[in-house]
>>> print(open('protein_27.txt').read())   # compact mmCIF, C-alpha atoms and all ligand atoms
# COMPACT_ATOMS: atom_id res chain seq x y z
CA MET A 12 17.51 9.49 12.24
CA ALA A 13 14.67 7.72 10.51
CA GLU A 14 15.44 6.01 7.23
CA VAL A 15 13.39 4.33 4.53
CA ILE A 16 14.92 0.87 4.35
CA ALA A 17 12.31 -0.78 2.15
CA GLY A 18 9.41 -0.14 -0.19
CA VAL A 19 6.78 -2.70 -1.14
CA GLY A 20 3.99 -2.55 -3.71
CA VAL A 21 1.47 -5.33 -3.27
CA SER A 22 -2.11 -6.30 -4.19
CA HIS A 23 -4.62 -6.55 -1.34
CA VAL A 24 -7.09 -9.12 -2.75
CA PRO A 25 -9.42 -9.97 0.18
CA ALA A 26 -9.74 -13.65 -0.82
CA LEU A 27 -5.96 -14.02 -0.46
CA GLY A 28 -6.17 -12.62 3.06
CA ASP A 29 -9.06 -14.95 3.93
CA ALA A 30 -7.10 -17.99 2.74
CA MET A 31 -3.94 -16.99 4.63
CA GLU A 32 -5.78 -16.03 7.82
CA SER A 33 -7.62 -19.36 7.90
CA GLY A 34 -4.62 -21.48 6.86
CA GLN A 35 -6.17 -22.60 3.57
CA GLU A 36 -3.28 -21.74 1.25
CA GLY A 37 -3.08 -25.35 0.02
CA PRO A 38 0.05 -27.48 -0.30
CA ALA A 39 1.69 -25.97 -3.40
CA SER A 40 0.02 -22.89 -4.70
CA ALA A 41 1.97 -20.59 -7.00
CA VAL A 42 -0.03 -17.62 -5.71
CA PHE A 43 1.10 -18.00 -2.12
CA GLU A 44 4.60 -19.14 -3.04
CA MET A 45 5.17 -15.83 -4.78
CA PHE A 46 5.01 -14.04 -1.41
CA GLU A 47 7.49 -16.25 0.43
CA PRO A 48 10.74 -14.58 -0.70
CA VAL A 49 9.38 -11.19 0.42
CA ARG A 50 8.51 -12.54 3.86
CA ASP A 51 12.11 -13.71 4.31
CA TRP A 52 13.44 -10.39 3.01
CA VAL A 53 11.22 -8.33 5.32
CA GLU A 54 12.12 -10.43 8.35
CA LYS A 55 15.84 -9.79 7.78
CA LEU A 56 15.24 -6.04 7.46
CA ASP A 57 13.92 -5.87 11.03
CA LEU A 58 11.73 -2.81 10.40
CA ASP A 59 10.39 -0.69 13.26
CA THR A 60 7.51 1.01 11.47
CA LEU A 61 5.48 0.47 8.33
CA ILE A 62 3.80 3.42 6.65
CA VAL A 63 0.94 1.76 4.80
CA ILE A 64 -0.63 3.62 1.89
CA TYR A 65 -4.01 1.98 1.30
CA ASN A 66 -7.56 2.72 0.34
CA ASP A 67 -10.55 2.25 2.54
CA HIS A 68 -13.32 0.41 0.65
CA ALA A 69 -16.21 2.34 2.26
CA ALA A 70 -15.66 0.47 5.55
CA ALA A 71 -14.30 3.14 7.93
CA PHE A 72 -15.29 5.99 5.63
CA SER A 73 -18.57 6.24 3.77
CA LEU A 74 -19.57 7.98 0.57
CA GLU A 75 -21.06 10.74 2.74
CA LEU A 76 -17.58 11.50 4.09
CA TYR A 77 -14.64 10.55 1.92
CA PRO A 78 -11.35 12.36 2.57
CA THR A 79 -9.06 12.59 -0.45
CA PHE A 80 -6.07 11.85 1.77
CA ALA A 81 -6.16 10.85 5.43
CA ILE A 82 -3.56 9.87 8.02
CA GLY A 83 -3.94 7.87 11.19
CA ALA A 84 -2.74 9.40 14.46
CA ALA A 85 -4.09 6.80 16.87
CA PRO A 86 -2.39 4.59 19.46
CA SER A 87 -3.81 1.53 17.69
CA TYR A 88 -5.94 0.53 14.72
CA ALA A 89 -8.52 -2.25 14.80
CA PRO A 90 -9.60 -4.25 11.76
CA ALA A 91 -12.78 -2.71 10.31
CA ASP A 92 -16.11 -4.46 10.09
CA GLU A 93 -16.52 -4.80 6.34
CA GLY A 94 -20.11 -6.04 6.57
CA TYR A 95 -19.39 -9.60 7.66
CA GLY A 96 -17.54 -8.86 10.90
CA ALA A 97 -13.94 -7.79 11.45
CA ARG A 98 -11.12 -9.92 10.05
CA GLU A 99 -9.40 -12.11 12.61
CA VAL A 100 -6.07 -10.36 12.61
CA PRO A 101 -4.42 -8.52 15.50
CA ASP A 102 -4.94 -4.79 16.05
CA CYS A 103 -2.02 -2.70 14.79
CA GLU A 104 -0.03 -0.59 17.20
CA GLY A 105 0.37 2.98 15.94
CA ASP A 106 3.67 4.87 15.74
CA LEU A 107 2.14 8.06 17.14
CA ASP A 108 5.31 10.15 17.18
CA LEU A 109 5.99 9.44 13.53
CA SER A 110 2.32 10.06 12.63
CA TRP A 111 2.41 13.53 14.19
CA HIS A 112 5.78 14.32 12.63
CA LEU A 113 4.38 13.42 9.20
CA ILE A 114 1.29 15.56 9.88
CA ASP A 115 3.42 18.51 11.01
CA SER A 116 5.69 18.20 7.96
CA VAL A 117 3.38 17.30 5.11
CA ILE A 118 0.37 19.57 5.76
CA PRO A 119 2.47 22.78 5.82
CA GLU A 120 3.92 21.63 2.47
CA GLY A 121 0.41 21.80 0.99
CA PHE A 122 -0.89 18.22 1.34
CA ASP A 123 -4.08 18.57 3.34
CA LEU A 124 -4.45 15.18 4.99
CA ALA A 125 -7.48 14.56 7.21
CA ILE A 126 -6.21 13.64 10.68
CA CYS A 127 -7.85 10.50 12.12
CA GLN A 128 -7.31 9.92 15.84
CA GLN A 129 -9.63 6.95 15.62
CA LEU A 130 -9.51 4.74 12.52
CA ASP A 131 -10.45 1.15 11.73
CA VAL A 132 -8.53 -0.41 8.85
CA ASP A 133 -10.01 -2.72 6.21
CA HIS A 134 -8.56 -5.42 3.93
CA GLY A 135 -6.71 -2.76 1.91
CA PHE A 136 -4.49 -2.35 4.96
CA THR A 137 -4.53 -5.74 6.69
CA VAL A 138 -4.06 -8.14 3.74
CA PRO A 139 -0.62 -6.66 2.90
CA LEU A 140 0.40 -7.11 6.56
CA THR A 141 -0.63 -10.76 6.34
CA VAL A 142 1.31 -11.10 3.08
CA LEU A 143 4.43 -9.68 4.74
CA TYR A 144 4.20 -11.24 8.21
CA GLY A 145 1.87 -14.25 8.06
CA LYS A 146 -0.23 -14.99 11.15
CA PRO A 147 1.62 -13.66 14.21
CA GLU A 148 -0.06 -13.16 17.63
CA GLU A 149 1.00 -9.53 17.36
CA TRP A 150 2.29 -7.60 14.35
CA PRO A 151 6.08 -7.16 14.74
CA VAL A 152 5.99 -3.53 13.54
CA ARG A 153 4.19 -0.34 14.44
CA VAL A 154 2.20 1.39 11.72
CA VAL A 155 1.16 4.71 10.24
CA PRO A 156 -1.90 4.36 7.96
CA ILE A 157 -2.27 6.79 5.08
CA ALA A 158 -5.55 6.44 3.18
CA VAL A 159 -6.05 7.61 -0.40
CA ASN A 160 -9.49 8.01 -1.94
CA VAL A 161 -9.69 5.84 -5.06
CA VAL A 162 -13.43 5.22 -4.58
CA GLN A 163 -15.37 8.50 -4.75
CA GLN A 164 -14.80 10.48 -7.97
CA PRO A 165 -12.88 12.67 -8.52
CA THR A 166 -9.85 10.90 -7.08
CA PRO A 167 -6.39 12.47 -6.70
CA SER A 168 -4.09 12.23 -9.72
CA ALA A 169 -1.16 9.84 -9.98
CA GLN A 170 1.17 12.85 -10.05
CA ARG A 171 -0.36 14.21 -6.82
CA CYS A 172 0.12 10.80 -5.21
CA PHE A 173 3.75 10.66 -6.34
CA ASP A 174 4.33 14.19 -5.00
CA LEU A 175 2.69 13.28 -1.68
CA GLY A 176 5.11 10.36 -1.48
CA ARG A 177 8.04 12.70 -2.00
CA ALA A 178 6.81 14.95 0.81
CA ILE A 179 6.48 11.87 3.04
CA GLY A 180 10.03 10.86 2.11
CA ARG A 181 11.35 14.29 3.13
CA ALA A 182 9.40 14.12 6.38
CA ILE A 183 10.83 10.71 7.26
CA ALA A 184 14.35 11.99 6.59
CA SER A 185 13.79 14.90 9.01
CA PHE A 186 12.39 12.75 11.86
CA PRO A 187 14.94 13.03 14.67
CA GLU A 188 14.38 9.60 16.24
CA ALA A 189 15.91 6.38 14.95
CA ARG A 190 13.50 4.31 12.87
CA ARG A 191 13.91 1.62 10.26
CA VAL A 192 10.92 2.46 8.09
CA GLY A 193 9.19 0.43 5.39
CA VAL A 194 6.66 2.03 3.08
CA VAL A 195 3.94 -0.14 1.56
CA GLY A 196 1.70 0.84 -1.37
CA THR A 197 -1.26 -1.49 -1.63
CA GLY A 198 -3.93 -2.36 -4.21
CA GLY A 199 -4.15 -3.34 -7.86
CA MET A 200 -3.00 -4.64 -10.08
CA SER A 201 -5.43 -4.47 -13.02
CA HIS A 202 -8.98 -5.35 -12.07
CA GLN A 203 -12.55 -4.23 -12.45
CA LEU A 204 -15.16 -5.64 -10.10
CA GLN A 205 -18.28 -4.18 -11.66
CA GLY A 206 -20.03 -2.99 -14.83
CA THR A 207 -19.76 -4.27 -18.37
CA ARG A 208 -15.97 -4.63 -18.10
CA ALA A 209 -16.11 -6.67 -14.87
CA GLY A 210 -13.22 -9.13 -14.94
CA HIS A 211 -10.99 -6.80 -17.02
CA ILE A 212 -7.32 -7.71 -16.56
CA ASN A 213 -4.45 -6.17 -18.57
CA GLN A 214 -1.28 -8.22 -18.12
CA GLU A 215 0.76 -6.08 -20.48
CA PHE A 216 -0.03 -2.93 -18.49
CA ASP A 217 0.65 -4.68 -15.16
CA ARG A 218 4.07 -5.90 -16.32
CA ARG A 219 4.99 -2.46 -17.63
CA PHE A 220 3.86 -0.96 -14.29
CA LEU A 221 6.02 -3.43 -12.35
CA ALA A 222 9.07 -2.44 -14.42
CA ASP A 223 8.45 1.31 -14.39
CA ILE A 224 7.55 1.65 -10.71
CA ALA A 225 11.20 0.86 -9.98
CA ASP A 226 13.02 2.60 -12.82
CA ASP A 227 10.71 5.21 -14.34
CA PRO A 228 7.99 6.18 -11.85
CA ALA A 229 7.70 9.68 -13.38
CA ASN A 230 6.31 8.00 -16.50
CA LEU A 231 3.57 6.33 -14.41
CA ALA A 232 2.89 9.55 -12.51
CA ALA A 233 2.23 11.29 -15.85
CA LEU A 234 -0.70 8.96 -16.71
CA SER A 235 -4.17 10.43 -16.15
CA ASN A 236 -6.77 8.77 -13.94
CA ARG A 237 -8.77 8.10 -17.11
CA GLU A 238 -5.78 6.22 -18.55
CA TYR A 239 -5.45 4.17 -15.33
CA ILE A 240 -9.12 3.20 -15.50
CA LEU A 241 -9.01 2.42 -19.24
CA GLU A 242 -5.82 0.37 -18.95
CA ALA A 243 -6.09 -1.22 -15.52
CA GLY A 244 -9.84 -1.12 -14.79
CA SER A 245 -11.88 0.91 -12.33
CA GLU A 246 -10.30 -0.83 -9.32
CA GLY A 247 -6.92 -1.13 -11.06
CA ALA A 248 -6.81 2.62 -10.42
CA GLU A 249 -5.73 1.58 -6.90
CA LEU A 250 -2.23 1.40 -8.39
CA VAL A 251 -1.74 5.13 -7.80
CA MET A 252 -1.05 4.19 -4.17
CA TRP A 253 2.13 2.40 -5.24
CA LEU A 254 3.31 5.81 -6.50
CA VAL A 255 3.00 7.30 -3.01
CA MET A 256 5.29 4.51 -1.79
CA ARG A 257 7.72 5.03 -4.67
CA GLY A 258 7.80 8.80 -4.12
CA ALA A 259 8.82 8.28 -0.49
CA MET A 260 11.86 6.26 -1.55
CA ALA A 261 15.27 7.25 -2.89
CA GLU A 262 15.46 8.31 -6.56
CA ALA A 263 17.37 5.15 -7.45
CA VAL A 264 16.24 1.79 -6.11
CA ASN A 265 17.22 -1.82 -6.42
CA VAL A 266 14.51 -4.41 -7.12
CA ALA A 267 15.05 -7.03 -4.43
CA TYR A 268 12.14 -9.12 -5.70
CA SER A 269 9.15 -8.90 -8.00
CA ALA A 270 6.43 -11.37 -9.00
CA TYR A 271 3.16 -11.43 -10.89
CA HIS A 272 0.37 -14.00 -11.04
CA VAL A 273 -2.83 -13.94 -13.02
CA PRO A 274 -5.67 -14.35 -12.24
CA VAL A 275 -6.06 -14.07 -8.49
CA SER A 276 -9.74 -13.60 -7.74
CA ASN A 277 -10.57 -10.92 -10.31
CA THR A 278 -7.13 -9.38 -10.50
CA GLY A 279 -3.66 -9.55 -11.88
CA ALA A 280 -1.85 -9.85 -8.53
CA GLY A 281 1.64 -8.50 -8.14
CA ILE A 282 4.31 -7.69 -5.61
CA ILE A 283 7.53 -5.71 -5.78
CA ALA A 284 10.16 -5.25 -3.07
CA LEU A 285 12.47 -2.26 -3.38
CA GLU A 286 15.57 -1.12 -1.52
CA PRO A 287 17.26 2.27 -1.79
CA LEU A 288 20.30 2.11 -4.03
CA LEU A 289 23.11 3.77 -2.14
CA ALA A 290 25.72 5.77 -4.03
CA GLN A 291 28.85 3.63 -4.67
C1 LIG B 301 -10.88 -7.78 -5.06
C2 LIG B 301 -9.77 -6.95 -5.19
C3 LIG B 301 -9.69 -5.77 -4.45
O1 LIG B 301 -8.66 -4.89 -4.52
C4 LIG B 301 -10.68 -5.44 -3.56
O2 LIG B 301 -10.52 -4.33 -2.83
C5 LIG B 301 -11.80 -6.25 -3.43
C6 LIG B 301 -11.89 -7.42 -4.19
C7 LIG B 301 -11.00 -9.04 -5.84
O3 LIG B 301 -10.29 -9.22 -6.82
O4 LIG B 301 -11.78 -9.90 -5.46
FE FE B 302 -9.18 -2.95 -3.34
>>> encode(input="protein_27.txt", output="structure tokens")
Amino acid sequence: MAEVIAGVGVSHVPALGDAMESGQEGPASAVFEMFEPVRDWVEKLDLDTLIVIYNDHAAAFSLELYPTFAIGAAPSYAPADEGYGAREVPDCEGDLDLSWHLIDSVIPEGFDLAICQQLDVDHGFTVPLTVLYGKPEEWPVRVVPIAVNVVQQPTPSAQRCFDLGRAIGRAIASFPEARRVGVVGTGGMSHQLQGTRAGHINQEFDRRFLADIADDPANLAALSNREYILEAGSEGAELVMWLVMRGAMAEAVNVAYSAYHVPVSNTGAGIIALEPLLAQ
């Protein structure tokens, strides 16, 4: 039986990935130190597969063709060329059986994911892997990518993302093979990269989000996309992907770790590590 052992919400700031990939973290940087406890935690969990909920930043998809939700069903995923060449991180091995099980479970439930048998993954996907696993020769887990459109308006609602997560959680629970699964929601926290509000960061909202994603996700799912953009910025709206992760987890969770640092590049950067809380 497959089981969700862990959930992680984490920013995917490309500059963080660049620094970690090229070994330029510096001797004592609070930004990089905030990830260390999660690396130790993830290593102990010995996960088989990561389901990574991320957004493509018009690298593999383009504005001419932007699926609202998409799932990878490929044997492996290469880093995408984001305009300056592909990032120097290993390809990710796909968990094909789990991909097809999710497809066969979630689409009949009414979540019409585009099926991608070839898919390159950009920083939205790879930076969180680097945060969790550093710079290995090969990633120690297999992956299932699930892409959410937070780029081309109109984007799916937070509630729809939370409900998709729940359907994914049910699908994982009905997968007959043994798997220790982690679910990662990437992006955020508050940031806006363009327009008159470029540089917008809302620490109060980010801290409330970090608290509620564990204990009151329904409250975050009830916020409109307009509220996400007003509070967290146009790119802060990436936070809806953390709700897919949260929906896939047990109702009650334990916060194994959480941290927040501001600013990182143009964002409030955060991370939260969740474990299912088992009935006593
Ligand atoms: C930045 C953050 C993002 O989430 C992103 O996709 C690109 C850039 C940034 O803060 O620089
Ligand atoms: Fe982003």
>>> closest_atom_pairs(input="protein_27.txt", of="chain A", to="ligand FE 302 (chain B)", cutoff="8 Å", atoms="all atoms listed in the file", output="tab-separated table")
residue	atom	partner	partner_atom	distance
A:Ser22	CA	B:FE302	FE	7.9
A:His23	CA	B:FE302	FE	6.1
A:Val24	CA	B:FE302	FE	6.5
A:Pro25	CA	B:FE302	FE	7.9
A:Asn66	CA	B:FE302	FE	7.0
A:Asp67	CA	B:FE302	FE	8.0
A:His68	CA	B:FE302	FE	6.7
A:His134	CA	B:FE302	FE	7.7
A:Gly135	CA	B:FE302	FE	5.8
A:Gly198	CA	B:FE302	FE	5.4
A:Gly199	CA	B:FE302	FE	6.8
A:Glu246	CA	B:FE302	FE	6.4
A:Glu249	CA	B:FE302	FE	6.7
>>> closest_residue(input="protein_27.txt", among="A:Leu289, A:Ser269, A:Pro165, A:Ile114", to="A:Trp52", atoms="only C-alpha atoms")
A:Ser269
>>> residues_around(input="protein_27.txt", residues="stretch 262-268 of chain A", least_positions_apart="2", cutoff="6 Å", atoms="only C-alpha atoms", output="ChimeraX atom specification")
/A:283-288
>>> atom_distance(input="protein_27.txt", atom1="atom CA of A:Pro187", atom2="atom CA of A:Leu124")
21.8 Å
>>> residues_around(input="protein_27.txt", residues="A:Leu241", least_positions_apart="3", cutoff="10 Å", atoms="all atoms listed in the file", output="list in words")
Ser201, Arg208, His211, Asn213, Ser235, Asn236, Arg237, Glu238, Gly244, Ser245, Gly247 and Ala248 of chain A
>>> residues_around(input="protein_27.txt", residues="stretch 81-84 of chain A", least_positions_apart="5", cutoff="9 Å", atoms="all atoms listed in the file", output="ChimeraX atom specification")
/A:105-111,113-114,123-130,154-160
>>> closest_residue(input="protein_27.txt", among="A:Cys103, A:Ala91, A:Ile64, A:Met200", to="A:Gly18", atoms="all atoms listed in the file")
A:Ile64
>>> axis_aligned_box(input="protein_27.txt", around="ligand LIG 301 (chain B)", padding_each_side="8 Å", output="AutoDock Vina command-line options")
--center_x -10.3 --center_y -7.1 --center_z -4.8 --size_x 19.2 --size_y 21.6 --size_z 20.0
>>> closest_residue(input="protein_27.txt", among="A:Ala13, A:Val273, A:Ile282, A:Ile62", to="A:Leu221", atoms="all atoms listed in the file")
A:Ile282
>>> atom_distance(input="protein_27.txt", atom1="atom CA of A:Met256", atom2="atom CA of A:Arg177")
8.6 Å
>>> closest_residue(input="protein_27.txt", among="A:Glu99, A:Asp115, A:Glu188, A:Asp59", to="A:Gly34", atoms="all atoms listed in the file")
A:Glu99
>>> closest_residue(input="protein_27.txt", among="A:Ala222, A:Val142, A:Ala85, A:Ala178", to="A:Arg50", atoms="all atoms listed in the file")
A:Val142
>>> closest_residue(input="protein_27.txt", among="A:Asp133, A:Glu32, A:Glu14, A:Glu104", to="A:Val194", atoms="only C-alpha atoms")
A:Glu14
